[in-house]
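Student: Please find my_file_3.txt (compact mmCIF, C-alpha atoms and all ligand atoms) on the next line:
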# COMPACT_ATOMS: atom_id res chain seq x y z
CA MET G 1 -16.82 7.26 16.34
CA VAL G 2 -15.73 3.74 15.47
CA ALA G 3 -13.67 2.14 18.23
CA ALA G 4 -10.04 1.87 17.14
CA ALA G 5 -9.31 -1.30 19.11
CA GLU G 6 -12.20 -3.10 17.44
CA ILE G 7 -11.05 -2.07 13.97
CA LEU G 8 -7.44 -3.08 14.54
CA GLU G 9 -8.63 -6.57 15.48
CA GLN G 10 -9.58 -7.22 11.85
CA PRO G 11 -6.45 -8.79 10.30
CA ALA G 12 -6.95 -7.30 6.81
CA VAL G 13 -7.44 -3.83 8.25
CA ALA G 14 -4.48 -4.10 10.63
CA ALA G 15 -2.24 -5.29 7.77
CA TYR G 16 -3.43 -2.46 5.53
CA LEU G 17 -2.80 0.20 8.19
CA LEU G 18 0.59 -1.25 9.03
CA ARG G 19 1.63 -0.94 5.37
CA LEU G 20 0.26 2.58 5.25
CA ILE G 21 1.44 4.17 8.49
CA LYS G 22 3.84 1.64 10.02
CA GLN G 23 4.00 0.63 13.68
CA GLU G 24 4.25 4.15 15.02
CA GLY G 25 1.18 5.22 13.08
CA LEU G 26 -0.78 2.31 14.51
CA LEU G 27 0.28 3.43 17.96
CA LEU G 28 -1.19 6.87 17.28
CA ILE G 29 -4.50 5.30 16.26
CA GLU G 30 -4.53 3.10 19.36
CA ARG G 31 -3.77 6.00 21.67
CA PHE G 32 -5.90 8.62 19.89
CA PRO G 33 -8.29 10.03 22.52
CA ALA G 34 -11.76 8.58 22.00
CA GLU G 35 -13.73 11.81 21.90
CA GLY G 36 -13.13 15.24 20.41
CA GLU G 37 -10.62 16.86 18.08
CA PHE G 38 -7.03 17.72 18.78
CA SER G 39 -4.07 19.66 17.43
CA ASP G 40 -0.99 17.69 16.40
CA GLU G 41 0.85 19.04 19.44
CA GLU G 42 -1.91 17.94 21.81
CA LEU G 43 -1.83 14.51 20.20
CA ALA G 44 1.94 14.22 20.56
CA GLU G 45 1.56 15.16 24.21
CA ALA G 46 -1.35 12.80 24.89
CA THR G 47 0.10 9.80 23.04
CA LYS G 48 3.81 10.32 23.89
CA ILE G 49 4.63 9.99 20.20
CA ASN G 50 7.15 12.26 18.51
CA LEU G 51 5.47 15.33 16.94
CA ASN G 52 6.95 14.78 13.47
CA SER G 53 5.72 11.22 13.48
CA VAL G 54 2.25 12.34 14.58
CA ARG G 55 2.13 14.87 11.71
CA HIS G 56 3.37 12.36 9.18
CA THR G 57 0.76 9.81 10.25
CA LEU G 58 -2.05 12.38 10.21
CA TYR G 59 -1.23 13.55 6.67
CA THR G 60 -0.92 10.00 5.41
CA LEU G 61 -4.30 9.16 6.93
CA TYR G 62 -5.73 12.41 5.56
CA GLU G 63 -4.70 11.46 2.00
CA ARG G 64 -6.84 8.33 2.36
CA ARG G 65 -9.67 10.26 4.04
CA LEU G 66 -9.01 8.33 7.25
CA ALA G 67 -8.45 11.54 9.19
CA GLU G 68 -9.81 15.03 8.78
CA TYR G 69 -9.13 18.44 10.26
CA ARG G 70 -10.87 21.68 11.05
CA ARG G 71 -8.90 24.90 10.76
CA ILE G 72 -9.26 27.47 13.48
CA LYS G 73 -7.88 31.00 13.29
CA ASN G 74 -6.79 32.82 16.40
CA ASN G 75 -8.18 36.35 15.89
CA GLU G 76 -5.47 38.00 17.99
CA THR G 77 -2.36 36.34 16.62
CA GLY G 78 -3.68 35.26 13.23
CA TRP G 79 -2.21 31.79 13.87
CA LEU G 80 -3.98 28.82 12.38
CA THR G 81 -4.59 25.68 14.38
CA TYR G 82 -5.58 22.40 12.81
CA LEU G 83 -7.83 20.23 14.90
CA TRP G 84 -7.77 16.60 13.90
CA ARG G 85 -10.03 13.64 14.29
CA LEU G 86 -9.92 10.14 12.89
CA ARG G 87 -12.37 8.89 10.30
CA LEU G 88 -11.89 5.17 10.75
CA ASP G 89 -15.41 4.67 9.41
CA ASN G 90 -13.84 5.28 5.95
CA ILE G 91 -11.57 2.25 6.27
CA PRO G 92 -13.73 -0.09 4.16
CA VAL G 93 -13.61 2.38 1.25
CA ALA G 94 -9.85 2.98 1.59
CA LEU G 95 -9.23 -0.75 1.80
CA ALA G 96 -11.34 -1.45 -1.29
CA GLU G 97 -9.42 1.25 -3.21
CA GLU G 98 -6.14 -0.32 -2.25
CA MET G 99 -7.36 -3.75 -3.37
CA GLU G 100 -8.37 -2.28 -6.73
CA THR G 101 -4.87 -0.84 -7.13
CA ILE G 102 -3.29 -4.19 -6.33
CA LEU G 103 -5.70 -5.92 -8.68
CA GLU G 104 -4.74 -3.55 -11.49
CA LYS G 105 -1.04 -4.29 -10.90
CA LEU G 106 -1.77 -8.01 -11.02
CA ARG G 107 -3.64 -7.56 -14.31
CA THR G 108 -0.70 -5.65 -15.81
CA ARG G 109 1.77 -8.27 -14.64
CA GLU G 110 -0.43 -11.09 -15.94
CA ARG G 111 -0.67 -9.43 -19.35
CA PHE G 112 3.10 -8.98 -19.42
CA GLU G 113 3.62 -12.68 -18.66
CA GLU G 114 1.03 -13.68 -21.22
CA GLU G 115 2.31 -11.50 -24.04
CA ASN G 116 6.00 -12.25 -23.64
CA ASP G 117 8.29 -15.17 -24.20
CA PHE G 118 11.12 -15.42 -21.71
CA TYR G 119 14.74 -16.50 -21.89
CA ARG G 120 16.81 -17.41 -18.89
CA CYS G 121 20.55 -17.63 -18.37
CA GLY G 122 21.49 -21.14 -17.23
CA GLN G 123 24.47 -19.76 -15.33
CA CYS G 124 23.36 -16.66 -13.39
CA GLY G 125 19.58 -16.94 -13.76
CA LEU G 126 19.06 -13.59 -15.49
CA LEU G 127 15.64 -13.48 -17.10
CA LEU G 128 14.93 -11.50 -20.29
CA THR G 129 12.04 -11.16 -22.68
CA PHE G 130 12.44 -12.62 -26.17
CA ASN G 131 13.17 -9.19 -27.67
CA GLN G 132 15.77 -8.36 -25.04
CA ALA G 133 17.47 -11.74 -25.40
CA MET G 134 17.50 -11.39 -29.15
CA ASP G 135 19.33 -8.07 -28.83
CA PHE G 136 22.13 -9.98 -27.10
CA ASP G 137 22.04 -12.91 -29.57
CA PHE G 138 20.73 -15.11 -26.71
CA CYS G 139 24.01 -14.66 -24.85
CA CYS G 140 23.63 -13.48 -21.25
CA PRO G 141 24.71 -9.80 -20.99
CA GLU G 142 25.86 -10.45 -17.41
CA CYS G 143 28.00 -13.57 -17.78
CA ALA G 144 28.00 -14.40 -21.52
CA SER G 145 26.47 -17.89 -21.01
CA ALA G 146 23.84 -19.23 -23.36
CA MET G 147 20.23 -18.29 -22.67
CA ALA G 148 17.46 -20.86 -23.00
CA HIS G 149 13.72 -20.54 -23.37
CA PHE G 150 12.05 -20.21 -19.98
CA ASP G 151 8.56 -21.58 -19.50
CA ASN G 152 6.57 -19.09 -17.43
CA GLU G 153 3.31 -21.08 -17.57
CA ILE G 154 3.28 -21.92 -13.85
CA LEU G 155 3.93 -18.33 -12.85
CA PHE G 156 1.32 -17.10 -15.29
CA LEU G 157 -1.30 -19.53 -14.01
CA ALA G 158 -0.53 -18.62 -10.40
CA LEU G 159 -0.94 -14.93 -11.23
CA ARG G 160 -4.19 -15.60 -12.98
CA ARG G 161 -5.56 -17.61 -10.05
CA ARG G 162 -4.60 -14.86 -7.63
CA ARG G 163 -6.10 -12.16 -9.83
CA GLU G 164 -9.35 -14.12 -10.31
CA SER G 165 -9.80 -14.84 -6.62
CA MET G 166 -9.11 -11.22 -5.74
CA ALA G 167 -11.49 -9.97 -8.43
CA SER G 168 -14.26 -12.23 -7.20
CA SER G 169 -13.73 -11.17 -3.58
CA LEU G 170 -14.09 -7.57 -4.78
CA GLY G 171 -17.32 -8.53 -6.49
CA HIS G 172 -16.06 -8.30 -10.09
CA GLY G 173 -17.29 -11.81 -10.78
ZN ZN Y 201 24.18 -15.05 -17.00
So that I can check it, write out the structure of this file as C-alpha cells.
Tutor:
Amino acid sequence: MVAAAEILEQPAVAAYLLRLIKQEGLLLIERFPAEGEFSDEELAEATKINLNSVRHTLYTLYERRLAEYRRIKNNETGWLTYLWRLRLDNIPVALAEEMETILEKLRTRERFEEENDFYRCGQCGLLLTFNQAMDFDFCCPECASAMAHFDNEILFLALRRRRESMASSLGHG
C-alpha cells in the first residue's frame, strides 16, 4: 500500500483530495490503519471520526476508485459487512481525470468568450452577450442605464493561455 503521509505531501494531490473529501476526509486518510481492511464502524472507532462522515468519505473515494470494499456475509444472521481499504495508488489516474474535466470546462468557456460579443452596464456592471443586450435595446435590465460594448480580449487571452498550459502539462501538446 502507498503511504498516505507521503502522498499528502504532494501539493497537487493534497489540494485535489481537499476539494473532493474536505478536511475531515483527509483526516480519515491520514488516520486510516496502514494494513488490512476495515468496516466503516471499525474505521470510525479507530480514527475517532464520526461514522456518517467516514461513510461519506468512503463512498466519495469509491466513486473515484480511490477506495474499494469487499462484501462479507454472516451466514448466521445474513448481515452484510463491507470491508474497506484505500487505493491511493489510483490517485494519478483520478487526478488526471479531474484535470481533463477542468480542461474541458476551460475550452467551453474559451469558446463562449470567443464566439460572443459582450455589453456591459456602465452603472451596475451587468454583463450581457450581444443577443441578450439587443433584447433589452442595450438598456440595462437591472438599472436601465446604457450598455456599452465590453472588450473581453484580455479575459479571452488569459483563458487561452491557461488552457494551453494545462493541455501541454497533460501531454496534449
Ligand atoms: Zn445596470
Student: Kindly give the distance, in Å, that separates atom CA of Leu128 of chain G and atom CA of Glu113 of chain G, rounded to a single decimal.
Tutor: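 We find that atom CA of Leu128 of chain G and atom CA of Glu113 of chain G lie 11.5 Å from each other.
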Student: When the cut-off is 9 Å and you count all atoms listed in the file, which residues lie near ligand ZN 201 (chain Y), shown as a PyMOL selection string?
Tutor: chain G and resi 120-127+139-147
Student: Now that the selection is made, can you save its residues with C-alpha atoms as a PDB file, in the coordinates of the input?
Tutor:
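This is the output file selection_13.pdb:
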ATOM      1  CA  ARG G 120      16.810 -17.410 -18.890  1.00  0.00           C
ATOM      2  CA  CYS G 121      20.550 -17.630 -18.370  1.00  0.00           C
ATOM      3  CA  GLY G 122      21.490 -21.140 -17.230  1.00  0.00           C
ATOM      4  CA  GLN G 123      24.470 -19.760 -15.330  1.00  0.00           C
ATOM      5  CA  CYS G 124      23.360 -16.660 -13.390  1.00  0.00           C
ATOM      6  CA  GLY G 125      19.580 -16.940 -13.760  1.00  0.00           C
ATOM      7  CA  LEU G 126      19.060 -13.590 -15.490  1.00  0.00           C
ATOM      8  CA  LEU G 127      15.640 -13.480 -17.100  1.00  0.00           C
ATOM      9  CA  CYS G 139      24.010 -14.660 -24.850  1.00  0.00           C
ATOM     10  CA  CYS G 140      23.630 -13.480 -21.250  1.00  0.00           C
ATOM     11  CA  PRO G 141      24.710  -9.800 -20.990  1.00  0.00           C
ATOM     12  CA  GLU G 142      25.860 -10.450 -17.410  1.00  0.00           C
ATOM     13  CA  CYS G 143      28.000 -13.570 -17.780  1.00  0.00           C
ATOM     14  CA  ALA G 144      28.000 -14.400 -21.520  1.00  0.00           C
ATOM     15  CA  SER G 145      26.470 -17.890 -21.010  1.00  0.00           C
ATOM     16  CA  ALA G 146      23.840 -19.230 -23.360  1.00  0.00           C
ATOM     17  CA  MET G 147      20.230 -18.290 -22.670  1.00  0.00           C
TER      18      MET G 147
END
Student: Looking at only C-alpha atoms, which of G:Asp135, G:Glu24, G:Glu30, G:Glu110 is the one that sits closest to Val54 of chain G?
Tutor: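 The closest residue to Val54 of chain G is G:Glu24.
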Student: Step by step: start from the point (5.8, -22.5, -18.3) in the file's coordinates, keep every protein, DNA or RNA residue that has an atom no farther than 12 Å from it, count all atoms listed in the file, and write the set as a list in words.
Tutor: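 Those residues lying close to the given coordinates are Glu113, Glu114, Asn116, Asp117, Phe118, Tyr119, His149, Phe150, Asp151, Asn152, Glu153, Ile154, Leu155, Phe156, Leu157 and Ala158 of chain G.
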Student: State, in Å with one decimal place, the distance from atom CA of Leu27 of chain G to atom CA of Ile49 of chain G.
Tutor: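 Computing it gives 8.2 Å between the two atoms.
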Student: Compare G:Glu98, G:Glu164, G:Arg111, G:Tyr69 by their minimum atom-to-atom distance to Gly36 of chain G, counting only C-alpha atoms, and give me the closest one.
Tutor: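 Nearest candidate to Gly36 of chain G out of G:Glu98, G:Glu164, G:Arg111, G:Tyr69: G:Tyr69.
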Student: Please provide the set of residues having any atom within 9 Å of segment 90-95 of chain G, restricted to all atoms listed in the file, with same-chain residues fewer than 2 positions apart removed, written as an mmCIF file with C-alpha atoms, keeping the file's coordinate frame.
Tutor:
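The resulting file, out_10.cif, is reproduced below:
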data_model
loop_
_atom_site.group_PDB
_atom_site.id
_atom_site.type_symbol
_atom_site.label_atom_id
_atom_site.label_comp_id
_atom_site.auth_asym_id
_atom_site.auth_seq_id
_atom_site.Cartn_x
_atom_site.Cartn_y
_atom_site.Cartn_z
ATOM 1 C CA ILE G 7 -11.050 -2.070 13.970
ATOM 2 C CA ALA G 12 -6.950 -7.300 6.810
ATOM 3 C CA VAL G 13 -7.440 -3.830 8.250
ATOM 4 C CA TYR G 16 -3.430 -2.460 5.530
ATOM 5 C CA ARG G 64 -6.840 8.330 2.360
ATOM 6 C CA ARG G 65 -9.670 10.260 4.040
ATOM 7 C CA LEU G 66 -9.010 8.330 7.250
ATOM 8 C CA ALA G 67 -8.450 11.540 9.190
ATOM 9 C CA ARG G 87 -12.370 8.890 10.300
ATOM 10 C CA LEU G 88 -11.890 5.170 10.750
ATOM 11 C CA GLU G 97 -9.420 1.250 -3.210
ATOM 12 C CA GLU G 98 -6.140 -0.320 -2.250
ATOM 13 C CA MET G 99 -7.360 -3.750 -3.370
ATOM 14 C CA GLU G 100 -8.370 -2.280 -6.730
#
Student: What does the structure give for the distance between atom CA of Thr108 of chain G and atom CA of Arg162 of chain G, in Å to one decimal?
Tutor: 12.9 Å
Student: Rank G:Arg71, G:Asp89, G:Arg163, G:Leu58 by their smallest atom-to-atom distance to Arg107 of chain G, using only C-alpha atoms, and report the top residue only.
Tutor: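 Residue with the minimum atom-to-atom distance to Arg107 of chain G: G:Arg163.
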Student: Within 7 Å of Phe38 of chain G, counting only C-alpha atoms, which residues show up once you throw out same-chain ones fewer than 2 positions away? Write them as JSON, numbers by chain, please.
Tutor: {"G": [36, 40, 42, 43, 83, 84, 85]}
Student: Using only C-alpha atoms, which of G:Thr101, G:Glu9, G:Leu51, G:Ala148 sits nearest Met134 of chain G?
Tutor: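 Comparing G:Thr101, G:Glu9, G:Leu51, G:Ala148 against Met134 of chain G, the winner is G:Ala148.
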Student: Find, counting all atoms listed in the file, the residue in G:Ala167, G:Ala46, G:Ala34, G:Leu20 that gets nearest to Leu61 of chain G.
Tutor: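 Nearest candidate to Leu61 of chain G out of G:Ala167, G:Ala46, G:Ala34, G:Leu20: G:Leu20.
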Student: Kindly indicate which residue among G:Arg19, G:Met166, G:Glu68, G:Asp137 lies nearest to Lys105 of chain G, using all atoms listed in the file for the distances.
Tutor: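 Nearest to Lys105 of chain G: G:Met166.
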Student: Report, as JSON, the centre and edge lengths in Å (one decimal) of the axis-aligned box enclosing every listed atom of segment 32-48 of chain G, padded by 8 Å on each side.
Tutor:
{"center_x": -5.0, "center_y": 14.1, "center_z": 20.6, "size_x": 33.5, "size_y": 27.1, "size_z": 24.5}
